[in-house]
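**Student:** Input structure: my_file-v3.txt, which contains compact mmCIF, C-alpha atoms.
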# COMPACT_ATOMS: atom_id res chain seq x y z
CA MET A 1 8.73 17.50 17.86
CA LEU A 2 8.27 16.34 14.26
CA SER A 3 9.96 19.46 12.88
CA THR A 4 13.13 18.76 14.88
CA LEU A 5 16.15 18.14 12.65
CA SER A 6 17.84 14.75 12.87
CA CYS A 7 21.59 14.22 12.90
CA ASP A 8 21.67 14.32 9.08
CA LYS A 9 19.84 17.67 9.08
CA LYS A 10 16.69 16.22 7.51
CA GLN A 11 13.21 16.77 8.88
CA LEU A 12 11.79 13.66 10.49
CA ASP A 13 8.34 14.21 8.94
CA ARG A 14 9.10 14.93 5.29
CA PHE A 15 8.47 14.20 1.63
CA VAL A 16 10.52 12.14 -0.82
CA SER A 17 10.20 12.49 -4.58
CA VAL A 18 9.50 9.24 -6.45
CA ASP A 19 9.14 9.75 -10.20
CA GLY A 20 8.31 13.39 -9.53
CA LYS A 21 5.57 12.63 -6.99
CA ALA A 22 5.85 13.70 -3.35
CA GLN A 23 5.68 10.71 -0.98
CA HIS A 24 5.19 11.35 2.73
CA ILE A 25 7.43 9.56 5.26
CA LEU A 26 8.09 9.66 9.00
CA ASP A 27 11.69 8.82 9.97
CA LEU A 28 12.27 8.27 13.71
CA GLY A 29 15.15 6.92 15.77
CA SER A 30 18.61 5.68 14.89
CA GLY A 31 20.41 2.37 14.65
CA GLU A 32 20.02 -0.97 12.89
CA PRO A 33 18.20 -2.99 11.79
CA VAL A 34 15.85 -0.39 10.34
CA VAL A 35 12.17 -1.23 10.97
CA VAL A 36 9.91 -0.34 8.03
CA PHE A 37 6.17 0.01 8.68
CA VAL A 38 3.82 -0.74 5.76
CA THR A 39 0.11 0.02 6.02
CA GLY A 40 -2.90 -1.95 4.83
CA PHE A 41 -5.63 -0.95 2.40
CA GLY A 42 -6.70 2.67 2.73
CA ASN A 43 -4.60 3.47 5.78
CA ASP A 44 -2.05 6.23 6.19
CA LEU A 45 1.02 6.03 8.42
CA SER A 46 -0.93 7.23 11.47
CA VAL A 47 -2.11 3.63 12.05
CA TYR A 48 1.36 3.01 13.51
CA ASN A 49 1.31 6.05 15.82
CA ARG A 50 1.02 3.83 18.91
CA VAL A 51 3.92 1.61 17.86
CA GLN A 52 6.53 3.49 15.80
CA PRO A 53 7.57 6.06 18.47
CA GLU A 54 8.26 3.27 20.98
CA VAL A 55 10.18 1.12 18.50
CA SER A 56 12.22 4.19 17.50
CA LEU A 57 13.68 4.19 21.02
CA MET A 58 15.40 0.90 20.04
CA THR A 59 16.41 1.52 16.43
CA ARG A 60 15.74 3.59 13.32
CA THR A 61 12.22 3.34 11.95
CA VAL A 62 10.29 4.61 8.95
CA SER A 63 6.61 4.65 8.02
CA TYR A 64 5.13 6.13 4.86
CA ASP A 65 1.93 6.93 3.01
CA ARG A 66 1.67 4.97 -0.22
CA ALA A 67 1.03 7.01 -3.36
CA GLY A 68 -2.50 8.41 -3.31
CA LEU A 69 -3.01 7.80 0.41
CA GLY A 70 -2.57 10.12 3.37
CA LYS A 71 -0.38 13.08 2.42
CA SER A 72 1.29 11.39 -0.57
CA GLU A 73 0.55 12.42 -4.13
CA LEU A 74 -1.20 10.11 -6.56
CA SER A 75 1.01 8.09 -8.85
CA ASP A 76 0.36 7.90 -12.57
CA SER A 77 1.25 4.20 -12.48
CA ALA A 78 -1.00 1.18 -11.88
CA ARG A 79 -1.09 0.02 -8.25
CA THR A 80 0.44 -3.39 -8.87
CA LEU A 81 2.68 -5.08 -6.33
CA ASP A 82 5.66 -4.56 -8.62
CA ARG A 83 5.00 -0.84 -8.70
CA VAL A 84 4.31 -0.50 -4.98
CA VAL A 85 7.49 -2.41 -4.13
CA PHE A 86 9.45 -0.25 -6.58
CA GLU A 87 8.20 2.90 -4.85
CA LEU A 88 9.05 1.61 -1.38
CA ASN A 89 12.52 0.57 -2.49
CA GLU A 90 13.07 4.00 -4.05
CA ILE A 91 12.17 5.70 -0.76
CA LEU A 92 14.47 3.46 1.27
CA GLU A 93 17.40 3.88 -1.11
CA LYS A 94 17.01 7.63 -1.64
CA GLU A 95 16.83 8.27 2.10
CA ASN A 96 19.77 5.98 2.93
CA PHE A 97 17.91 3.47 5.09
CA LYS A 98 20.45 0.69 5.45
CA ALA A 99 19.39 -2.86 4.57
CA PRO A 100 18.60 -5.52 5.60
CA TYR A 101 15.33 -4.33 7.14
CA ILE A 102 12.65 -5.70 9.41
CA LEU A 103 9.45 -5.16 7.43
CA VAL A 104 6.20 -4.78 9.36
CA GLY A 105 3.07 -5.21 7.23
CA HIS A 106 -0.56 -4.87 8.35
CA SER A 107 -3.44 -6.48 6.45
CA SER A 108 -2.81 -6.14 2.68
CA GLY A 109 0.51 -4.56 3.66
CA GLY A 110 1.45 -8.17 4.37
CA HIS A 111 1.32 -8.81 0.63
CA ILE A 112 3.59 -5.83 0.04
CA VAL A 113 6.29 -6.85 2.52
CA ARG A 114 6.24 -10.46 1.39
CA TYR A 115 6.54 -9.43 -2.25
CA PHE A 116 9.31 -6.98 -1.36
CA THR A 117 11.12 -9.96 0.19
CA HIS A 118 10.57 -11.93 -3.03
CA VAL A 119 11.99 -9.13 -5.19
CA HIS A 120 14.78 -8.03 -2.82
CA PRO A 121 15.62 -11.09 -0.67
CA LYS A 122 18.99 -9.76 0.49
CA LYS A 123 17.39 -6.55 1.75
CA VAL A 124 15.09 -8.22 4.30
CA ALA A 125 16.20 -9.56 7.68
CA GLY A 126 12.75 -10.46 9.05
CA LEU A 127 8.99 -9.97 8.71
CA ILE A 128 6.26 -9.04 11.18
CA LEU A 129 2.82 -9.71 9.64
CA ILE A 130 -0.07 -8.08 11.51
CA ASP A 131 -3.36 -9.85 10.72
CA PRO A 132 -2.14 -10.20 7.13
CA SER A 133 -4.24 -10.78 4.05
CA VAL A 134 -3.99 -14.27 2.56
CA GLU A 135 -4.24 -14.70 -1.19
CA TYR A 136 -6.22 -17.95 -0.85
CA LEU A 137 -8.97 -16.61 1.40
CA ASP A 138 -11.25 -15.86 -1.55
CA ASP A 139 -10.86 -19.42 -2.86
CA GLU A 140 -11.59 -21.02 0.53
CA PHE A 141 -14.58 -18.72 1.04
CA ARG A 142 -16.12 -19.89 -2.24
CA LYS A 143 -15.72 -23.54 -1.27
CA LEU A 144 -17.79 -23.05 1.88
CA LYS A 145 -20.53 -20.66 0.77
CA THR A 146 -23.74 -21.16 -1.18
CA GLU A 147 -24.25 -19.79 -4.66
CA ALA A 148 -26.46 -17.01 -3.27
CA GLU A 149 -23.85 -16.05 -0.65
CA ILE A 150 -21.11 -15.92 -3.29
CA LYS A 151 -23.32 -13.71 -5.47
CA SER A 152 -23.84 -11.31 -2.54
CA TYR A 153 -20.10 -11.34 -1.85
CA ASP A 154 -19.20 -10.52 -5.45
CA SER A 155 -21.80 -7.76 -5.55
CA LEU A 156 -20.32 -6.21 -2.40
CA TYR A 157 -16.84 -6.33 -3.90
CA GLU A 158 -17.97 -4.78 -7.16
CA TYR A 159 -20.49 -2.20 -5.98
CA GLY A 160 -19.94 -1.82 -2.25
CA ARG A 161 -17.42 0.98 -2.39
CA ASP A 162 -18.04 3.98 -0.18
CA PRO A 163 -18.85 7.05 -2.33
CA SER A 164 -16.48 9.07 -0.13
CA TRP A 165 -13.45 6.99 -1.14
CA THR A 166 -10.55 9.03 -2.49
CA GLU A 167 -9.06 8.29 -5.89
CA GLY A 168 -6.10 6.67 -4.13
CA LEU A 169 -8.39 4.24 -2.30
CA LYS A 170 -10.24 3.37 -5.49
CA ARG A 171 -6.99 2.61 -7.29
CA ASP A 172 -5.76 0.38 -4.46
CA ALA A 173 -9.03 -1.57 -4.60
CA ASP A 174 -8.89 -1.91 -8.40
CA TYR A 175 -5.75 -4.05 -8.18
CA PHE A 176 -6.41 -6.07 -5.03
CA ARG A 177 -7.49 -9.26 -6.81
CA LYS A 178 -4.76 -8.98 -9.44
CA ASN A 179 -2.23 -8.62 -6.64
CA GLU A 180 -3.64 -11.74 -4.99
CA LEU A 181 -2.91 -13.64 -8.21
CA THR A 182 0.66 -12.34 -8.09
CA MET A 183 1.03 -13.55 -4.49
CA LYS A 184 -0.12 -17.05 -5.45
CA LYS A 185 3.02 -17.32 -7.57
CA THR A 186 5.23 -16.11 -4.72
CA LYS A 187 6.83 -18.51 -2.25
CA PHE A 188 6.32 -17.79 1.44
CA PRO A 189 9.76 -16.88 2.90
CA ASP A 190 11.31 -19.81 4.76
CA ASN A 191 14.85 -18.51 5.32
CA ILE A 192 14.24 -15.49 7.59
CA PRO A 193 12.36 -15.04 10.88
CA VAL A 194 8.66 -14.36 10.42
CA THR A 195 6.09 -13.51 13.08
CA VAL A 196 2.39 -13.74 12.21
CA LEU A 197 -0.20 -12.09 14.48
CA THR A 198 -3.78 -13.26 13.90
CA ALA A 199 -6.64 -11.11 15.23
CA MET A 200 -9.65 -13.11 16.35
CA GLY A 201 -11.50 -10.57 18.50
CA GLY A 202 -13.11 -8.42 15.86
CA GLY A 203 -16.43 -10.25 15.85
CA GLU A 204 -18.40 -11.44 12.86
CA SER A 205 -19.26 -9.24 9.89
CA ARG A 206 -22.61 -7.44 9.81
CA PHE A 207 -23.15 -9.20 6.49
CA PRO A 208 -24.50 -12.74 7.11
CA PHE A 209 -22.79 -14.13 4.00
CA LEU A 210 -19.37 -13.08 5.36
CA ARG A 211 -19.68 -14.95 8.65
CA GLY A 212 -16.92 -17.46 9.23
CA VAL A 213 -14.26 -15.48 7.37
CA ASN A 214 -12.19 -15.03 10.55
CA GLN A 215 -11.92 -18.79 11.00
CA ILE A 216 -10.91 -19.26 7.36
CA LYS A 217 -8.19 -16.63 7.84
CA LEU A 218 -6.92 -18.37 10.97
CA GLU A 219 -6.63 -21.73 9.21
CA LEU A 220 -4.77 -20.13 6.32
CA HIS A 221 -2.34 -18.41 8.69
CA LYS A 222 -1.71 -21.80 10.33
CA ARG A 223 -0.99 -23.27 6.90
CA TRP A 224 2.06 -21.03 6.59
CA LEU A 225 3.67 -22.97 9.44
CA THR A 226 3.81 -26.05 7.19
CA GLU A 227 5.47 -24.02 4.43
CA ALA A 228 7.92 -22.26 6.73
CA PRO A 229 8.53 -24.03 10.06
CA GLN A 230 10.43 -21.05 11.48
CA VAL A 231 7.23 -18.96 11.57
CA LYS A 232 6.18 -17.73 15.01
CA HIS A 233 2.38 -17.65 15.09
CA ILE A 234 0.49 -15.69 17.75
CA ILE A 235 -3.30 -15.78 17.97
CA VAL A 236 -4.69 -12.58 19.52
CA PRO A 237 -8.19 -13.48 20.72
CA THR A 238 -9.12 -10.05 22.13
CA SER A 239 -8.01 -7.78 19.28
CA GLY A 240 -9.73 -6.50 16.19
CA HIS A 241 -8.06 -6.28 12.79
CA HIS A 242 -5.80 -3.35 13.76
CA ILE A 243 -3.74 -5.12 16.42
CA GLN A 244 -1.20 -2.28 16.39
CA LEU A 245 -3.94 0.03 17.67
CA ASP A 246 -5.82 -2.39 19.94
CA GLN A 247 -2.76 -4.02 21.50
CA PRO A 248 0.31 -1.94 20.60
CA VAL A 249 2.35 -3.33 23.49
CA LEU A 250 2.15 -6.81 21.96
CA VAL A 251 3.30 -5.58 18.55
CA ILE A 252 6.17 -3.61 20.10
CA LYS A 253 7.18 -6.68 22.12
CA GLU A 254 7.34 -8.87 19.01
CA ILE A 255 9.37 -6.32 17.05
CA LYS A 256 11.79 -6.03 19.98
CA SER A 257 12.03 -9.82 20.16
CA MET A 258 12.94 -10.02 16.48
CA ILE A 259 15.56 -7.28 16.81
CA GLU A 260 17.14 -9.20 19.69
CA GLN A 261 17.00 -12.46 17.71
CA LEU A 262 18.78 -10.88 14.76
CA GLU A 263 21.41 -9.30 17.01
CA SER A 264 22.01 -12.67 18.67
CA ASN A 265 22.40 -14.32 15.26
CA GLN A 266 24.98 -11.71 14.27
CA LEU A 267 26.99 -12.35 17.45
CA THR A 268 26.87 -16.11 16.82
CA LYS A 269 28.26 -15.62 13.29
CA LYS A 270 31.16 -13.61 14.70
Can you dump the structure from the file as structure tokens?

**Tutor:**
Amino acid sequence: MLSTLSCDKKQLDRFVSVDGKAQHILDLGSGEPVVVFVTGFGNDLSVYNRVQPEVSLMTRTVSYDRAGLGKSELSDSARTLDRVVFELNEILEKENFKAPYILVGHSSGGHIVRYFTHVHPKKVAGLILIDPSVEYLDDEFRKLKTEAEIKSYDSLYEYGRDPSWTEGLKRDADYFRKNELTMKKTKFPDNIPVTVLTAMGGGESRFPFLRGVNQIKLELHKRWLTEAPQVKHIIVPTSGHHIQLDQPVLVIKEIKSMIEQLESNQLTKK
């Protein structure tokens, strides 16, 4: 199936060269708007396997492995948001994915799609944020925890890496906090449709000092509604962090809803 040639004679599952490094993509379906799937920390494009094929029945879709993850080669460049957005834009332009896109970002992929919107506002028609990271979660956590709990938290962040992590994972982690600082300077988009899905069914962390983080995340997601009243916020009480795997039908439904909303807006303009 994946080796079948599309109408432009390109393989659907293929590699794109970005600064001489092979970047793995999966290009399914046809039509507009193009839906672009962006993964969270450490994930490859397979985390969208239960969603992308269904969405590709409606329109053209693309998912990809960021540099150093999945089947993509490591990049020689720092894993800053500017660099990651540059690489994504290079893939989309080189492979002739027509803008404006619907960007779907899971977890820290939410930072990437929001920053892409900041850098390329005319190239984004809408955002779907799946249990997205919030750049102020760390700050709110520190307000609520004791000094001992904060010390345990910082120790976990600094030394709690799994020895089996690949170099790509390590590099992603190295820049996470710096990228949060970048996001604090970035305005939440208020001029395009945005859907935020908040997972509340994952249970509490096995680390006592991390308990309550889910509630902090929920309150921060709600705060976006005051910054951008057009945001559609959906609380998913029975799903863990990977809503696209736990409840793919819901994610597909929301993407379809946004496609229909954008099509309706286009008809109204005509």

**Student:** I'd like a table as JSON lines: residues in segment 76-172 of chain A with an atom no more than 10 Å from segment 178-191 of chain A, each row giving the shortest atom pair and its distance in Å to one decimal, only C-alpha atoms counted, sorted by chain and rising residue number.

**Tutor:**
{"residue": "A:Arg79", "atom": "CA", "partner": "A:Asn179", "partner_atom": "CA", "distance": 8.9}
{"residue": "A:Thr80", "atom": "CA", "partner": "A:Asn179", "partner_atom": "CA", "distance": 6.3}
{"residue": "A:Leu81", "atom": "CA", "partner": "A:Asn179", "partner_atom": "CA", "distance": 6.1}
{"residue": "A:Asp82", "atom": "CA", "partner": "A:Asn179", "partner_atom": "CA", "distance": 9.1}
{"residue": "A:Ser108", "atom": "CA", "partner": "A:Glu180", "partner_atom": "CA", "distance": 9.5}
{"residue": "A:His111", "atom": "CA", "partner": "A:Met183", "partner_atom": "CA", "distance": 7.0}
{"residue": "A:Ile112", "atom": "CA", "partner": "A:Asn179", "partner_atom": "CA", "distance": 9.3}
{"residue": "A:Arg114", "atom": "CA", "partner": "A:Phe188", "partner_atom": "CA", "distance": 7.3}
{"residue": "A:Tyr115", "atom": "CA", "partner": "A:Met183", "partner_atom": "CA", "distance": 7.2}
{"residue": "A:Thr117", "atom": "CA", "partner": "A:Pro189", "partner_atom": "CA", "distance": 7.6}
{"residue": "A:His118", "atom": "CA", "partner": "A:Thr186", "partner_atom": "CA", "distance": 7.0}
{"residue": "A:Val119", "atom": "CA", "partner": "A:Thr186", "partner_atom": "CA", "distance": 9.7}
{"residue": "A:Pro121", "atom": "CA", "partner": "A:Pro189", "partner_atom": "CA", "distance": 9.0}
{"residue": "A:Ala125", "atom": "CA", "partner": "A:Asn191", "partner_atom": "CA", "distance": 9.4}
{"residue": "A:Gly126", "atom": "CA", "partner": "A:Asn191", "partner_atom": "CA", "distance": 9.1}
{"residue": "A:Leu127", "atom": "CA", "partner": "A:Pro189", "partner_atom": "CA", "distance": 9.1}
{"residue": "A:Ser133", "atom": "CA", "partner": "A:Glu180", "partner_atom": "CA", "distance": 9.1}
{"residue": "A:Val134", "atom": "CA", "partner": "A:Glu180", "partner_atom": "CA", "distance": 8.0}
{"residue": "A:Glu135", "atom": "CA", "partner": "A:Glu180", "partner_atom": "CA", "distance": 4.9}
{"residue": "A:Tyr136", "atom": "CA", "partner": "A:Lys184", "partner_atom": "CA", "distance": 7.7}
{"residue": "A:Leu137", "atom": "CA", "partner": "A:Glu180", "partner_atom": "CA", "distance": 9.6}
{"residue": "A:Asp138", "atom": "CA", "partner": "A:Glu180", "partner_atom": "CA", "distance": 9.3}
{"residue": "A:Asp172", "atom": "CA", "partner": "A:Asn179", "partner_atom": "CA", "distance": 9.9}

**Student:** For Val196 of chain A, which residue out of A:Met58, A:Leu103, A:Leu129, A:Val251 is the nearest one, using only C-alpha atoms?

**Tutor:**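 Smallest separation from Val196 of chain A among the options: A:Leu129.
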
**Student:** For Leu57 of chain A, which of A:Glu32, A:Phe41, A:Gly203, A:Glu95 is the closest residue, counting all atoms listed in the file?

**Tutor:**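 So, comparing all the options, the nearest one is A:Glu32.
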
**Student:** Tell me which of A:Lys21, A:Lys232, A:Arg211, A:Arg14 sits closest to Ser75 of chain A, counting only C-alpha atoms.

**Tutor:**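 For Ser75 of chain A, the nearest of the candidates is A:Lys21.
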
**Student:** Between A:Val34, A:Met258, A:Leu169, A:Val249, which one has atoms that come closest to Ala99 of chain A, using all atoms listed in the file?

**Tutor:**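 Using all atoms listed in the file, Ala99 of chain A sits closest to A:Val34.
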
**Student:** Quick one: of A:His242, A:His233, A:Arg223, A:Arg177, who's nearest to Asp131 of chain A, counting only C-alpha atoms?

**Tutor:**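 Of A:His242, A:His233, A:Arg223, A:Arg177, the one nearest Asp131 of chain A, counting only C-alpha atoms, is A:His242.
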
**Student:** Taking all atoms listed in the file into account, which of A:Val194, A:Val104, A:Ala22, A:Ile259 comes nearest Gln52 of chain A?

**Tutor:** A:Val104

**Student:** Quick check, in Å to one decimal: how far apart do atom CA of Thr238 of chain A and atom CA of Ile255 of chain A lie?

**Tutor:** 19.5 Å

**Student:** Measure the distance from atom CA of Lys71 of chain A to atom CA of Pro248 of chain A in Å and round it to one decimal.

**Tutor:**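 The value is 23.6 Å.
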
**Student:** Between atom CA of Leu250 of chain A and atom CA of Thr39 of chain A, measure the distance and give it in Å to one decimal.

**Tutor:**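 That distance, rounded to one decimal, is 17.5 Å.
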
**Student:** Fewer than 6 positions away in the same chain doesn't count, so skip those; otherwise give me all residues within 9 Å of Glu73 of chain A, counting all atoms listed in the file, as a list in words.

**Tutor:** Lys21, Ala22, Gln23, His24, Arg66, Ala67 and Gly168 of chain A

**Student:** If we count all atoms listed in the file and set the cut-off at 7 Å, which residues sit around Ile130 of chain A, ignoring sequence neighbours fewer than 3 positions away in its own chain? Please answer as a PyMOL selection string.

**Tutor:** chain A and resi 105-107+196-198+243
